[in-house]
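Below: final23.csv (CSV, C-alpha atoms)
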```
chain,number,residue,atom,x,y,z
A,1,MET,CA,-5.1,8.1,2.5
A,2,LEU,CA,-3.6,10.3,-0.2
A,3,THR,CA,-3.3,8.4,-3.4
A,4,GLN,CA,-3.5,9.1,-7.1
A,5,TYR,CA,-5.0,5.7,-7.8
A,6,TYR,CA,-8.1,4.1,-6.2
A,7,PRO,CA,-11.2,2.0,-7.2
A,8,PRO,CA,-13.2,1.9,-9.4
A,9,GLU,CA,-9.9,1.9,-11.2
A,10,ILE,CA,-8.5,-1.6,-11.5
A,11,GLY,CA,-4.9,-2.5,-10.7
A,12,ALA,CA,-2.6,-3.7,-7.9
A,13,PRO,CA,-2.2,-0.4,-5.9
A,14,GLN,CA,-6.0,0.2,-6.1
A,15,ARG,CA,-6.8,-3.3,-4.7
A,16,ARG,CA,-4.1,-3.1,-2.0
A,17,LEU,CA,-5.2,0.4,-0.7
A,18,ALA,CA,-8.9,-0.5,-0.8
A,19,SER,CA,-8.2,-3.6,1.1
A,20,LEU,CA,-6.2,-1.7,3.7
A,21,ALA,CA,-9.0,0.8,4.1
A,22,SER,CA,-11.6,-1.9,4.6
A,23,HIS,CA,-9.5,-3.5,7.4
A,24,PHE,CA,-9.3,-0.2,9.2
A,25,LEU,CA,-13.1,0.2,9.0
A,26,ARG,CA,-13.6,-3.3,10.3
A,27,ALA,CA,-11.3,-2.4,13.3
A,28,GLY,CA,-13.6,0.4,14.1
A,29,HIS,CA,-11.7,3.3,12.6
A,30,GLU,CA,-12.7,6.1,10.2
A,31,VAL,CA,-11.0,6.3,6.8
A,32,THR,CA,-11.1,9.1,4.2
A,33,VAL,CA,-9.4,8.7,0.8
A,34,LEU,CA,-8.3,11.8,-1.1
A,35,THR,CA,-7.7,10.7,-4.7
A,36,ALA,CA,-8.0,11.7,-8.3
A,37,MET,CA,-10.9,11.3,-10.8
A,38,PRO,CA,-10.5,7.7,-12.0
A,39,THR,CA,-8.5,7.6,-15.3
A,40,TYR,CA,-6.4,4.5,-15.1
A,41,PRO,CA,-5.4,2.5,-17.2
A,42,LEU,CA,-6.9,4.1,-20.4
A,43,GLY,CA,-5.8,7.6,-19.7
A,44,ARG,CA,-9.3,9.1,-19.8
A,45,VAL,CA,-11.8,9.9,-17.1
A,46,HIS,CA,-14.2,7.0,-16.4
A,47,PRO,CA,-17.9,7.4,-17.4
A,48,GLY,CA,-19.9,9.1,-14.7
A,49,TYR,CA,-17.0,11.1,-13.3
A,50,GLY,CA,-15.5,14.5,-14.2
A,51,GLY,CA,-15.4,18.0,-13.1
A,52,LEU,CA,-13.2,19.5,-10.4
A,53,THR,CA,-14.4,17.7,-7.3
A,54,ARG,CA,-16.6,14.8,-6.2
A,55,ARG,CA,-17.6,13.1,-3.0
A,56,GLU,CA,-18.7,9.5,-2.8
A,57,VAL,CA,-18.7,6.5,-0.5
A,58,ILE,CA,-17.2,3.2,-1.6
A,59,ASP,CA,-17.7,0.2,0.6
A,60,GLY,CA,-18.1,2.5,3.7
A,61,VAL,CA,-15.0,4.6,2.8
A,62,GLN,CA,-15.4,8.4,2.4
A,63,VAL,CA,-13.7,9.2,-1.0
A,64,LEU,CA,-12.9,12.8,-2.0
A,65,ARG,CA,-12.0,13.1,-5.6
A,66,THR,CA,-10.4,16.1,-7.4
A,67,PHE,CA,-9.1,17.1,-10.8
A,68,ILE,CA,-6.3,15.4,-12.7
A,69,TYR,CA,-5.0,15.9,-16.2
A,70,PRO,CA,-5.7,12.4,-17.8
A,71,THR,CA,-3.2,10.8,-20.1
A,72,GLN,CA,-1.8,7.4,-21.1
A,73,LYS,CA,1.2,9.0,-22.9
A,74,THR,CA,4.7,8.4,-21.5
A,75,ASP,CA,6.4,11.6,-22.8
A,76,TYR,CA,7.8,13.9,-20.0
A,77,ALA,CA,5.5,16.8,-20.6
A,78,ARG,CA,2.2,15.0,-20.4
A,79,ARG,CA,3.3,12.6,-17.7
A,80,LEU,CA,4.4,15.5,-15.5
A,81,ALA,CA,1.2,17.4,-16.2
A,82,ASN,CA,-0.7,14.3,-15.1
A,83,TYR,CA,1.3,14.0,-11.8
A,84,PHE,CA,1.4,17.7,-10.9
A,85,SER,CA,-2.2,18.5,-11.7
A,86,PHE,CA,-3.2,16.1,-9.0
A,87,VAL,CA,-0.4,17.3,-6.6
A,88,LEU,CA,-1.8,20.8,-6.9
A,89,SER,CA,-5.5,19.9,-6.8
A,90,SER,CA,-5.2,17.5,-3.9
A,91,ALA,CA,-3.2,20.1,-1.9
A,92,VAL,CA,-5.9,22.7,-2.4
A,93,TYR,CA,-8.9,20.4,-2.0
A,94,GLY,CA,-7.4,18.6,1.0
A,95,THR,CA,-6.6,21.9,2.7
A,96,VAL,CA,-10.3,22.9,2.5
A,97,GLU,CA,-12.1,19.6,2.9
A,98,LEU,CA,-10.0,17.3,5.0
A,99,ASP,CA,-10.4,17.1,8.8
A,100,SER,CA,-7.3,16.7,10.8
A,101,PRO,CA,-6.6,13.0,10.9
A,102,ASP,CA,-4.5,11.0,13.3
A,103,TYR,CA,-2.5,9.7,10.4
A,104,LEU,CA,-2.1,10.7,6.7
A,105,LEU,CA,-0.8,7.8,4.6
A,106,VAL,CA,0.7,9.0,1.3
A,107,GLU,CA,1.1,6.5,-1.5
A,108,SER,CA,4.2,6.6,-3.7
A,109,PRO,CA,4.7,6.4,-6.6
A,110,PRO,CA,4.2,9.0,-7.9
A,111,LEU,CA,6.9,10.4,-5.8
A,112,PHE,CA,5.7,14.0,-6.5
A,113,LEU,CA,2.6,13.3,-4.4
A,114,GLY,CA,4.9,13.7,-1.4
A,115,LEU,CA,4.8,17.4,-1.9
A,116,SER,CA,1.0,17.5,-1.4
A,117,GLY,CA,1.5,15.0,1.5
A,118,ALA,CA,4.1,17.2,3.2
A,119,TRP,CA,1.9,20.3,2.9
A,120,LEU,CA,-1.3,18.6,4.2
A,121,GLY,CA,0.7,17.0,7.0
A,122,ALA,CA,1.9,20.4,8.1
A,123,ILE,CA,-1.3,22.3,7.7
A,124,LYS,CA,-3.4,19.5,9.4
A,125,ARG,CA,-0.7,18.9,12.1
A,126,THR,CA,-0.7,15.1,11.6
A,127,ARG,CA,1.7,12.2,11.4
A,128,VAL,CA,2.6,11.5,7.7
A,129,ILE,CA,3.2,7.9,6.8
A,130,PHE,CA,5.0,7.8,3.4
A,131,ASN,CA,4.2,4.4,1.9
A,132,VAL,CA,6.8,3.3,-0.7
A,133,SER,CA,5.5,0.8,-3.2
A,134,ASP,CA,8.4,1.3,-5.6
A,135,LEU,CA,11.8,3.0,-5.0
A,136,TRP,CA,11.8,6.2,-7.1
A,137,PRO,CA,13.9,7.6,-8.8
A,138,GLU,CA,16.0,4.4,-8.6
A,139,SER,CA,13.4,2.3,-10.5
A,140,ALA,CA,12.9,5.0,-13.1
A,141,VAL,CA,16.7,4.9,-13.8
A,142,ARG,CA,16.6,1.1,-14.1
A,143,LEU,CA,13.7,1.3,-16.6
A,144,GLY,CA,15.4,3.9,-18.7
A,145,VAL,CA,12.7,6.5,-18.0
A,146,VAL,CA,15.2,8.8,-16.3
A,147,ARG,CA,18.9,9.1,-17.1
A,148,GLU,CA,21.2,8.8,-14.1
A,149,GLY,CA,22.8,12.1,-13.2
A,150,SER,CA,20.4,14.1,-15.3
A,151,MET,CA,18.6,17.2,-13.8
A,152,VAL,CA,15.4,15.2,-13.5
A,153,HIS,CA,17.2,12.5,-11.6
A,154,ARG,CA,18.9,14.9,-9.2
A,155,VAL,CA,15.7,16.8,-8.5
A,156,SER,CA,13.9,13.5,-7.9
A,157,ALA,CA,16.6,12.3,-5.5
A,158,ARG,CA,16.3,15.5,-3.5
A,159,LEU,CA,12.5,15.2,-3.4
A,160,GLU,CA,12.8,11.6,-2.3
A,161,ALA,CA,15.1,12.6,0.6
A,162,PHE,CA,12.7,15.4,1.5
A,163,CYS,CA,9.7,13.1,1.6
A,164,TYR,CA,11.5,10.5,3.8
A,165,ARG,CA,12.8,13.0,6.2
A,166,ARG,CA,9.5,14.9,6.6
A,167,ALA,CA,7.6,11.6,7.2
A,168,TRP,CA,6.8,10.4,10.7
A,169,MET,CA,7.2,6.9,9.3
A,170,VAL,CA,8.3,5.4,6.0
A,171,THR,CA,6.6,2.1,5.2
A,172,GLY,CA,7.6,-0.2,2.4
A,173,GLN,CA,6.0,-3.2,0.7
A,174,SER,CA,9.1,-5.3,0.6
A,175,ARG,CA,12.1,-5.9,2.9
A,176,GLU,CA,14.4,-4.7,0.1
A,177,ILE,CA,12.7,-1.3,0.1
A,178,ILE,CA,12.9,-1.0,3.8
A,179,ALA,CA,16.6,-2.0,3.9
A,180,ASN,CA,17.4,0.5,1.1
A,181,VAL,CA,15.6,3.4,2.9
A,182,ALA,CA,17.1,2.5,6.3
A,183,GLU,CA,20.7,2.3,4.9
A,184,ARG,CA,20.5,5.7,3.1
A,185,PHE,CA,18.4,7.5,5.7
A,186,PRO,CA,19.2,5.9,9.1
A,187,SER,CA,17.2,8.5,11.1
A,188,CYS,CA,14.0,7.5,9.3
A,189,ARG,CA,11.5,5.4,11.3
A,190,THR,CA,10.6,2.4,9.0
A,191,TYR,CA,8.0,-0.3,9.0
A,192,HIS,CA,7.6,-3.3,6.7
A,193,LEU,CA,4.0,-3.1,5.4
A,194,SER,CA,4.2,-6.2,3.3
A,195,ASN,CA,2.3,-6.7,0.2
A,196,GLY,CA,-0.1,-9.7,0.2
A,197,VAL,CA,-3.5,-11.0,-0.8
A,198,GLU,CA,-7.0,-11.5,0.4
A,199,CYS,CA,-6.7,-15.3,0.7
A,200,SER,CA,-10.5,-15.8,1.0
A,201,ALA,CA,-11.1,-14.2,-2.4
A,202,PHE,CA,-8.9,-16.5,-4.4
A,203,GLY,CA,-8.6,-20.3,-4.8
A,204,PRO,CA,-8.5,-23.1,-7.3
A,205,GLU,CA,-12.2,-23.9,-6.5
A,206,ARG,CA,-13.2,-20.6,-8.1
A,207,ALA,CA,-12.5,-21.8,-11.7
A,208,THR,CA,-15.6,-22.0,-13.8
A,209,ALA,CA,-16.5,-23.3,-17.3
A,210,GLU,CA,-17.4,-19.8,-18.3
A,211,ALA,CA,-13.9,-18.5,-17.2
A,212,ARG,CA,-12.2,-21.3,-19.2
A,213,ALA,CA,-14.3,-20.3,-22.2
A,214,THR,CA,-13.3,-16.7,-21.7
A,215,LEU,CA,-9.6,-17.7,-21.9
A,216,GLY,CA,-10.3,-19.7,-25.0
A,217,ALA,CA,-9.0,-23.0,-23.5
A,218,ASN,CA,-10.5,-25.6,-25.8
A,219,GLY,CA,-8.7,-28.3,-23.9
A,220,ARG,CA,-5.3,-26.7,-24.3
A,221,CYS,CA,-2.9,-25.6,-21.6
A,222,ILE,CA,-3.3,-21.9,-20.8
A,223,ALA,CA,-0.6,-19.6,-19.4
A,224,LEU,CA,-2.2,-16.3,-18.3
A,225,TYR,CA,-0.8,-12.9,-17.6
A,226,ALA,CA,-3.3,-10.5,-16.0
A,227,GLY,CA,-2.2,-6.9,-15.3
A,228,LEU,CA,-0.8,-3.7,-16.6
A,229,HIS,CA,0.8,-3.7,-20.1
A,230,GLY,CA,3.5,-1.3,-19.3
A,231,ILE,CA,7.3,-0.8,-19.7
A,232,ALA,CA,8.2,-2.4,-16.4
A,233,GLN,CA,6.4,-5.7,-17.2
A,234,GLY,CA,8.5,-6.5,-20.2
A,235,LEU,CA,5.7,-8.4,-21.9
A,236,GLY,CA,7.6,-8.7,-25.2
A,237,GLN,CA,9.4,-11.6,-23.5
A,238,LEU,CA,6.1,-13.6,-23.6
A,239,LEU,CA,5.8,-13.0,-27.3
A,240,ASP,CA,9.4,-14.2,-27.8
A,241,ALA,CA,8.6,-17.4,-25.8
A,242,ALA,CA,5.4,-17.9,-27.9
A,243,ASP,CA,7.5,-17.5,-31.0
A,244,ALA,CA,10.0,-20.1,-29.8
A,245,MET,CA,7.2,-22.6,-29.1
A,246,ARG,CA,5.4,-22.0,-32.4
A,247,GLY,CA,5.7,-25.6,-33.4
A,248,ASP,CA,4.6,-27.2,-30.1
A,249,ALA,CA,1.4,-29.0,-30.6
A,250,GLY,CA,0.3,-28.9,-26.9
A,251,GLY,CA,0.7,-25.2,-26.2
A,252,PRO,CA,0.7,-23.5,-23.8
A,253,ASP,CA,-1.4,-20.8,-25.3
A,254,LEU,CA,-0.6,-17.4,-23.9
A,255,VAL,CA,-3.4,-15.0,-22.8
A,256,LEU,CA,-2.5,-11.4,-21.9
A,257,MET,CA,-5.4,-9.7,-20.1
A,258,GLY,CA,-5.3,-6.0,-19.3
A,259,GLU,CA,-4.5,-2.6,-20.7
A,260,GLY,CA,-1.6,-0.1,-20.7
A,261,PRO,CA,0.7,2.1,-22.7
A,262,THR,CA,2.5,-0.8,-24.5
A,263,LYS,CA,-0.6,-2.9,-25.4
A,264,ALA,CA,-1.1,-1.5,-28.9
A,265,ALA,CA,2.6,-2.2,-29.8
A,266,LEU,CA,2.3,-5.8,-28.3
A,267,VAL,CA,-0.8,-6.5,-30.3
A,268,ALA,CA,0.8,-5.3,-33.5
A,269,ASP,CA,4.0,-7.3,-32.8
A,270,ALA,CA,2.0,-10.5,-32.2
A,271,ALA,CA,0.1,-9.9,-35.5
A,272,ALA,CA,3.4,-9.2,-37.4
A,273,ARG,CA,4.9,-12.5,-36.1
A,274,GLY,CA,1.8,-14.5,-37.0
A,275,LEU,CA,1.2,-15.5,-33.4
A,276,GLY,CA,-2.6,-15.2,-33.5
A,277,ASP,CA,-3.2,-18.9,-32.9
A,278,ARG,CA,-1.0,-18.9,-29.8
A,279,VAL,CA,-1.3,-15.5,-28.2
A,280,ARG,CA,-4.6,-13.9,-27.3
A,281,PHE,CA,-5.3,-10.4,-25.9
A,282,LEU,CA,-8.2,-9.7,-23.6
A,283,ASP,CA,-9.6,-6.5,-22.2
A,284,PRO,CA,-9.1,-5.7,-18.5
A,285,ARG,CA,-11.7,-7.2,-16.2
A,286,PRO,CA,-13.0,-5.7,-12.9
A,287,ALA,CA,-11.4,-7.0,-9.7
A,288,ALA,CA,-14.4,-9.2,-8.8
A,289,ALA,CA,-14.0,-11.1,-12.1
A,290,LEU,CA,-10.3,-11.8,-11.6
A,291,PRO,CA,-10.3,-14.8,-9.2
A,292,PRO,CA,-12.3,-17.2,-11.5
A,293,LEU,CA,-10.1,-16.2,-14.5
A,294,LEU,CA,-6.9,-16.8,-12.6
A,295,ALA,CA,-8.2,-20.2,-11.4
A,296,ALA,CA,-9.2,-21.1,-14.9
A,297,ALA,CA,-5.7,-20.9,-16.1
A,298,ASP,CA,-3.1,-23.7,-15.8
A,299,ILE,CA,-0.1,-21.5,-15.4
A,300,LEU,CA,0.1,-17.9,-14.2
A,301,VAL,CA,3.0,-15.7,-15.5
A,302,VAL,CA,4.3,-12.8,-13.5
A,303,PRO,CA,7.0,-11.0,-15.5
A,304,LEU,CA,9.3,-8.0,-15.0
A,305,GLY,CA,11.4,-6.6,-17.8
A,306,LEU,CA,14.5,-6.3,-15.7
A,307,GLY,CA,15.6,-6.4,-12.1
A,308,ILE,CA,13.9,-3.6,-10.2
A,309,PRO,CA,15.0,-3.0,-6.6
A,310,GLY,CA,12.4,-3.9,-4.1
A,311,ALA,CA,9.7,-4.9,-6.6
A,312,VAL,CA,7.4,-7.7,-5.4
A,313,PRO,CA,4.4,-7.7,-7.7
A,314,SER,CA,1.1,-8.2,-5.8
A,315,LYS,CA,-0.1,-10.4,-8.8
A,316,MET,CA,2.5,-12.9,-7.6
A,317,TYR,CA,0.7,-13.3,-4.3
A,318,GLU,CA,-2.7,-13.5,-6.1
A,319,ALA,CA,-1.3,-16.3,-8.3
A,320,MET,CA,0.0,-18.2,-5.3
A,321,ALA,CA,-3.4,-17.8,-3.5
A,322,THR,CA,-5.1,-19.2,-6.6
A,323,GLY,CA,-3.2,-22.4,-6.2
A,324,ARG,CA,-1.7,-22.3,-9.6
A,325,PRO,CA,2.0,-22.5,-10.4
A,326,VAL,CA,3.8,-19.3,-11.0
A,327,VAL,CA,6.3,-18.6,-13.7
A,328,LEU,CA,8.1,-15.6,-12.3
A,329,VAL,CA,10.4,-13.5,-14.5
A,330,ALA,CA,12.2,-11.5,-11.8
A,331,THR,CA,15.1,-11.3,-9.4
A,332,GLY,CA,15.5,-10.2,-5.8
A,333,GLU,CA,13.0,-10.6,-3.1
A,334,ALA,CA,10.2,-11.8,-5.4
A,335,ALA,CA,12.4,-14.5,-6.7
A,336,ASN,CA,13.4,-15.5,-3.2
A,337,VAL,CA,9.7,-15.9,-2.1
A,338,VAL,CA,8.9,-18.2,-5.0
A,339,ARG,CA,12.0,-20.3,-4.5
A,340,GLU,CA,11.7,-20.5,-0.7
A,341,HIS,CA,8.1,-21.7,-0.9
A,342,ARG,CA,8.5,-23.8,-4.1
A,343,ALA,CA,5.5,-22.0,-5.6
A,344,GLY,CA,6.7,-22.0,-9.2
A,345,ILE,CA,9.7,-21.6,-11.5
A,346,VAL,CA,11.9,-18.5,-11.5
A,347,VAL,CA,13.5,-17.1,-14.7
A,348,GLU,CA,15.9,-14.2,-15.0
A,349,PRO,CA,14.5,-11.3,-17.0
A,350,GLY,CA,15.6,-11.5,-20.6
A,351,ASP,CA,16.2,-15.3,-20.5
A,352,ILE,CA,13.8,-16.4,-23.2
A,353,ALA,CA,15.2,-19.9,-23.4
A,354,GLY,CA,14.6,-20.3,-19.6
A,355,LEU,CA,11.1,-18.8,-19.9
A,356,THR,CA,10.3,-21.2,-22.8
A,357,ALA,CA,11.7,-24.2,-20.8
A,358,ALA,CA,9.7,-23.3,-17.7
A,359,LEU,CA,6.4,-23.1,-19.7
A,360,ARG,CA,7.1,-26.4,-21.4
A,361,THR,CA,8.0,-28.1,-18.1
A,362,LEU,CA,4.8,-27.0,-16.5
A,363,ARG,CA,2.7,-27.8,-19.6
A,364,ASP,CA,4.1,-31.4,-19.7
A,365,GLN,CA,3.9,-32.1,-15.9
A,366,PRO,CA,0.4,-31.6,-14.5
A,367,ALA,CA,1.4,-33.3,-11.2
A,368,LEU,CA,4.2,-30.7,-10.8
A,369,ARG,CA,1.7,-27.9,-11.5
A,370,ALA,CA,-0.6,-29.2,-8.7
A,371,GLU,CA,2.3,-29.5,-6.3
A,372,LEU,CA,3.7,-26.1,-6.9
A,373,GLY,CA,0.3,-24.5,-6.8
A,374,ALA,CA,-0.5,-26.2,-3.4
A,375,ASN,CA,2.8,-24.9,-2.0
A,376,GLY,CA,2.0,-21.4,-3.0
A,377,ARG,CA,-1.5,-21.5,-1.5
A,378,ARG,CA,-0.1,-22.7,1.8
A,379,ALA,CA,2.6,-20.0,1.8
A,380,VAL,CA,0.2,-17.1,1.4
A,381,GLU,CA,-2.1,-18.5,4.0
A,382,ARG,CA,0.7,-18.6,6.5
A,383,HIS,CA,2.7,-15.5,5.6
A,384,PHE,CA,1.0,-13.1,3.2
A,385,ASP,CA,-2.6,-12.8,4.2
A,386,ARG,CA,-3.6,-9.2,4.0
A,387,ALA,CA,-6.0,-9.5,6.9
A,388,GLU,CA,-3.2,-10.4,9.3
A,389,ILE,CA,-0.7,-7.9,7.7
A,390,ALA,CA,-3.3,-5.1,8.1
A,391,ALA,CA,-4.1,-6.2,11.7
A,392,ARG,CA,-0.4,-5.9,12.7
A,393,PHE,CA,-0.2,-2.4,11.1
A,394,ILE,CA,-3.4,-1.2,12.8
A,395,ARG,CA,-2.2,-2.5,16.2
A,396,THR,CA,1.1,-0.6,15.7
A,397,LEU,CA,-0.7,2.7,15.0
A,398,GLU,CA,-3.2,2.2,17.8
A,399,ALA,CA,-0.4,1.6,20.3
A,400,GLU,CA,1.3,4.8,19.1
A,401,LEU,CA,-1.9,6.8,19.7
A,402,ALA,CA,-2.3,5.2,23.2
A,403,ARG,CA,1.2,6.5,24.1
```
What would the structure in this file look like if it were written as structure tokens?
Amino acid sequence: MLTQYYPPEIGAPQRRLASLASHFLRAGHEVTVLTAMPTYPLGRVHPGYGGLTRREVIDGVQVLRTFIYPTQKTDYARRLANYFSFVLSSAVYGTVELDSPDYLLVESPPLFLGLSGAWLGAIKRTRVIFNVSDLWPESAVRLGVVREGSMVHRVSARLEAFCYRRAWMVTGQSREIIANVAERFPSCRTYHLSNGVECSAFGPERATAEARATLGANGRCIALYAGLHGIAQGLGQLLDAADAMRGDAGGPDLVLMGEGPTKAALVADAAARGLGDRVRFLDPRPAAALPPLLAAADILVVPLGLGIPGAVPSKMYEAMATGRPVVLVATGEAANVVREHRAGIVVEPGDIAGLTAALRTLRDQPALRAELGANGRRAVERHFDRAEIAARFIRTLEAELAR
């Protein structure tokens, strides 16, 4: 696996890739991860790491780490320095240290890592699997990070086409991603490597008094967001909803747990609005601490700032697996999943009145919360269990080798 992000960093891509690696190990295969020194989400190298290279073993997985320019800033110069420092260092270090694998799975975004993946695929004479978690540059245009038709957009689009065409297989975490790639690049071999959740790690029974105390419940209804505080998440919507519910005696209180480039601005905005009694910010917690905290909440909020093609947040599946109702602020495939399985309430991005109404409805109807939460738990057990998703993928790759 070639990825910029991997544990001990916390976050959805890190958990998803570590889970996939563990399932390959359990199936009797060997896994090596070529990744960067951990810097996410604070934009600085984690304590105990540093230097140009490092080898370690994490849960049986051989992990090769190499240099990256750390930053949390979103300006072009530093963001590109962050991406390309790892593109270059991973290409050099991988050339020297990687054995020739049967498959090289390259995680995107960042899209630029496809350059290193293409180089290593050629030099190691292996099949490259290009795993698309978000459609770039299309998502960047939607988020306003890249202007459509600009030089950056044109270069990124050409790089995207290069990565897809050089790959032996293009995998995508949502059906929308796969349909998009197949329509634009019909010669590409595609596979739906769905997002999902380790069902056994989550559940309502994991709630503890300590976790409730951490969220500051005090008998009040708690709506929790746990994840990256970034541009795509549109967390300002939650502050707008809290402002609209300022006079409500019963809550819900909003708890935002995590870190990211927009957190400082969100904290300042909440303070300026005088929302300190209704909105609380918590530092990020390690992955092992997440299930009890999710279970300790009454409502789990999964927001996106706008409709992003193919985006299905993994935190949505974690919320469903916890057995708590989801308030999903999104469109597309993610919204379809929640609606189809009646796992929560779906709100259009930017609809503050709808978001406020959803939070009030779930606050006032504990029986509805229990019903929607149970529906979500059943859905992930049947359709989105990572163990079964990984097993199908592994069987596909084994069959190809057998041929």
- Task: Considering all atoms listed in the file, state which residue in the set A:Ala319, A:Met37, A:Leu98, A:Ile178 is at the smallest distance from Ala226 (chain A).
- Result: A:Ala319
- Identify, on the basis of all atoms listed in the file, every residue whose closest approach to Pro303 (chain A) does not exceed 6 Å; exclude the query and any residue fewer than 3 positions from it along the same chain; express the result as a PyMOL selection string. chain A and resi 233+328-329
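Here CA of Ile68 (chain A) is placed at a distance of 22.1 Å from CA of Glu160 (chain A).
Minimum atom-to-atom distance to Leu239 (chain A), evaluated using all atoms listed in the file, belongs to A:Ala271 out of A:Ala271, A:Ala167, A:Ala370, A:Ile299.
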How close does region 189-225 of chain A get to region 9-32 of chain A? List, as a tab-separated table, each residue of region 189-225 of chain A within 12 Å, its nearest atom pair and the distance in Å to one decimal, counting only C-alpha atoms.
```
residue	atom	partner	partner_atom	distance
A:Leu193	CA	A:Leu20	CA	10.4
A:Ser194	CA	A:Arg16	CA	10.3
A:Asn195	CA	A:Arg16	CA	7.7
A:Gly196	CA	A:Arg16	CA	8.0
A:Val197	CA	A:Arg16	CA	8.0
A:Glu198	CA	A:Ser19	CA	8.0
A:Cys199	CA	A:Ser19	CA	11.8
A:Ala201	CA	A:Ser19	CA	11.5
```
- Query: What lies within 12 Å of Met245 (chain A) using all atoms listed in the file, ignoring chain neighbours under 2 positions off, as a list in words?
  - Reply: Leu238, Leu239, Asp240, Ala241, Ala242, Asp243, Gly247, Asp248, Ala249, Gly250, Gly251, Pro252, Asp253, Leu254, Leu275, Asp277, Arg278, Val279, Ile352, Ala353, Leu355, Thr356, Ala357, Ala358, Leu359, Arg360 and Arg363 of chain A
Write out as a tab-separated table the residues of region 142-210 of chain A that have any atom within 6 Å of an atom of region 116-137 of chain A, one row each with the nearest atom pair and its distance in Å to one decimal, counting all atoms listed in the file, sorted by chain and then rising number.
```
residue	atom	partner	partner_atom	distance
A:Ser156	CA	A:Pro137	CA	6.0
A:Ala167	CA	A:Val128	CA	5.0
A:Trp168	CA	A:Val128	CA	5.3
A:Met169	CA	A:Ile129	CA	4.8
A:Val170	CA	A:Phe130	CA	4.8
A:Thr171	CA	A:Asn131	CA	4.7
A:Gly172	CA	A:Val132	CA	4.7
A:Gln173	CA	A:Ser133	CA	5.6
```
- Nearest to Arg65 (chain A) among A:Thr262, A:Ser85, A:Ser108, A:Gln4, with distances taken over only C-alpha atoms: which residue is it?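 Closest to Arg65 (chain A) of all the choices is A:Gln4.
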- Enter the distance from CA of Arg79 (chain A) to CA of His46 (chain A), in Å, rounded to one decimal.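 These two atoms are separated by 18.4 Å.
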- Task: Rank A:Leu42, A:Ala207, A:Leu34, A:Leu228 by their smallest atom-to-atom distance to Pro291 (chain A), using all atoms listed in the file, and report the top residue only.
- Result: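 Of all the options, A:Ala207 lies closest to Pro291 (chain A).
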